[in-house]
Amino acid sequence: MSVKSRDPNAPTPLRYEPGGITGFAIGLVGMLMSTIVWVLGARWTVDGLIVMFNAVLRFLNASYQAPIPPHVLVYVILSPMPLIFSVVEWRLPFRRISDEWQFAKPGAWLVWGGVFAFDWYTTYLGLGVDPGEGSVRFMRQIAASTVVRTLVALVLTAGPEWLAREMWAQLRYVFTSKRK
């Protein structure tokens, strides 16, 4: 399905695209920032997965509860989960080619939306884990506030992929003078 977005006779808006060393520096630093924010979000996604796992164990009346924060090995073992979520989230179910919007089929929207919602919720749960008295003050404030936790989880869920896509396009422009 495609939708025309504007009058084809209207002038194309000008956009500044930094090239050369400036464009490369922006793209490289942006990718680094995206990676750092992604790692932070992945950490809280794994914490949220453990919170969900413990809720299932409580539902089943199991006496065992997984420790939070877990051992570093648990983060290593569960690290593919946030990576899989990001692979799905990377490719949005819509895109604009020239002046035409293209939308994916409903099944792709359902999978993408479900993965995004699950990723957001596990990040939200992970941010709610009490960081302890020795932690930085703003982390305790995030864990205590539902509104702030909701917003931070949204930024950590959508932000790294968005920024990485933009910086990838920036680097592509620098090296090929084409922006997708």
# chains A, B, ... in the order shown; residues from 1 in each chain; ligands from 1
$ residues_around --residues "region 91-95 of chain A" --least-positions-apart "5" --cutoff "10 Å" --atoms "only C-alpha atoms" --output "PDB file with C-alpha atoms, in the first residue's frame"
ATOM      1  CA  MET A   1       0.000   0.000   0.000  1.00  0.00           C
ATOM      2  CA  SER A   2       1.344   3.421  -0.840  1.00  0.00           C
ATOM      3  CA  SER A  86      16.649  -4.612  18.086  1.00  0.00           C
ATOM      4  CA  GLU A 100       5.617   7.802  -1.630  1.00  0.00           C
ATOM      5  CA  TRP A 101       4.941   6.101   1.708  1.00  0.00           C
ATOM      6  CA  GLN A 102       5.013   2.313   1.680  1.00  0.00           C
ATOM      7  CA  PHE A 103       3.483   0.221   4.464  1.00  0.00           C
ATOM      8  CA  ALA A 104       4.123  -3.401   5.404  1.00  0.00           C
ATOM      9  CA  LYS A 105       1.369  -6.004   5.615  1.00  0.00           C
ATOM     10  CA  PRO A 106      -0.629  -6.319   8.874  1.00  0.00           C
ATOM     11  CA  GLY A 107       1.350  -9.372  10.049  1.00  0.00           C
ATOM     12  CA  ALA A 108       4.606  -7.420   9.957  1.00  0.00           C
ATOM     13  CA  TRP A 109       2.961  -4.577  11.918  1.00  0.00           C
ATOM     14  CA  LEU A 110       1.712  -7.092  14.490  1.00  0.00           C
ATOM     15  CA  VAL A 111       5.133  -8.684  14.988  1.00  0.00           C
ATOM     16  CA  TRP A 112       6.953  -5.338  15.036  1.00  0.00           C
ATOM     17  CA  GLY A 113       4.435  -3.823  17.481  1.00  0.00           C
ATOM     18  CA  GLU A 161      17.777   2.131  16.789  1.00  0.00           C
ATOM     19  CA  TRP A 162      16.505   5.491  15.526  1.00  0.00           C
ATOM     20  CA  ARG A 165      19.564   4.424  11.416  1.00  0.00           C
ATOM     21  CA  LYS A 180      18.216   6.584   1.910  1.00  0.00           C
TER      22      LYS A 180
END
$ residues_around --residues "Leu151 (chain A)" --least-positions-apart "4" --cutoff "10 Å" --atoms "only C-alpha atoms" --output "MDAnalysis selection string"
chainID A and resid 120 124 142 146:147 155:157
$ residues_around --residues "Ile68 (chain A)" --least-positions-apart "4" --cutoff "10 Å" --atoms "only C-alpha atoms" --output "PyMOL selection string"
chain A and resi 47-48+50-51+54+126+129-131
$ write_last_selection --atoms "N, CA and C atoms" --output "compact mmCIF listing (two decimals), in the first residue's frame"
# COMPACT_ATOMS: atom_id res chain seq x y z
N ASP A 47 17.26 -7.22 32.94
CA ASP A 47 16.71 -7.15 34.30
C ASP A 47 15.20 -7.36 34.27
N GLY A 48 14.53 -6.74 33.31
CA GLY A 48 13.09 -6.90 33.18
C GLY A 48 12.69 -8.32 32.84
N ILE A 50 14.24 -10.93 33.83
CA ILE A 50 14.38 -11.69 35.08
C ILE A 50 13.20 -11.40 36.00
N VAL A 51 12.75 -10.14 36.05
CA VAL A 51 11.56 -9.79 36.84
C VAL A 51 10.35 -10.60 36.33
N ASN A 54 10.70 -14.23 37.38
CA ASN A 54 10.35 -14.39 38.79
C ASN A 54 8.83 -14.34 38.99
N GLY A 126 12.74 -3.50 34.21
CA GLY A 126 14.14 -3.47 34.64
C GLY A 126 14.51 -2.15 35.29
N VAL A 129 13.57 -1.93 39.05
CA VAL A 129 14.31 -2.69 40.06
C VAL A 129 15.05 -1.70 40.95
N ASP A 130 14.93 -1.89 42.26
CA ASP A 130 15.58 -1.00 43.22
C ASP A 130 17.10 -1.08 43.03
N PRO A 131 17.72 0.04 42.64
CA PRO A 131 19.17 0.00 42.40
C PRO A 131 20.00 -0.04 43.68
$ atom_distance --atom1 "CA of Asp119 (chain A)" --atom2 "CA of Pro82 (chain A)"
7.5 Å
$ atom_distance --atom1 "CA of Val152 (chain A)" --atom2 "CA of Thr35 (chain A)"
16.3 Å
$ select_by_dssp --residues "region 87-118 of chain A" --states "strand (DSSP E)" --output "MDAnalysis selection string"
chainID A and resid 94:97 100:103
$ closest_residue --among "A:Ala144, A:Ala169, A:Arg43, A:Ser135" --to "Val72 (chain A)" --atoms "only C-alpha atoms"
A:Arg43
$ residues_around --residues "His71 (chain A)" --least-positions-apart "5" --cutoff "12 Å" --atoms "only C-alpha atoms" --output "MDAnalysis selection string"
chainID A and resid 46:47 50 66 76:78
$ write_last_selection --atoms "N, CA and C atoms" --output "tab-separated table (two decimals), in the first residue's frame"
chain	number	residue	atom	x	y	z
A	46	VAL	N	17.28	-7.00	30.13
A	46	VAL	CA	17.60	-8.29	30.77
A	46	VAL	C	17.09	-8.31	32.20
A	47	ASP	N	17.26	-7.22	32.94
A	47	ASP	CA	16.71	-7.15	34.30
A	47	ASP	C	15.20	-7.36	34.27
A	50	ILE	N	14.24	-10.93	33.83
A	50	ILE	CA	14.38	-11.69	35.08
A	50	ILE	C	13.20	-11.40	36.00
A	66	ALA	N	15.01	-15.88	41.00
A	66	ALA	CA	16.32	-15.51	40.43
A	66	ALA	C	16.78	-14.20	41.07
A	76	VAL	N	25.39	-12.12	29.95
A	76	VAL	CA	26.02	-12.64	28.74
A	76	VAL	C	25.10	-13.67	28.08
A	77	ILE	N	24.52	-14.56	28.87
A	77	ILE	CA	23.65	-15.61	28.33
A	77	ILE	C	22.38	-15.01	27.73
A	78	LEU	N	21.81	-14.01	28.37
A	78	LEU	CA	20.55	-13.42	27.90
A	78	LEU	C	20.75	-12.26	26.91
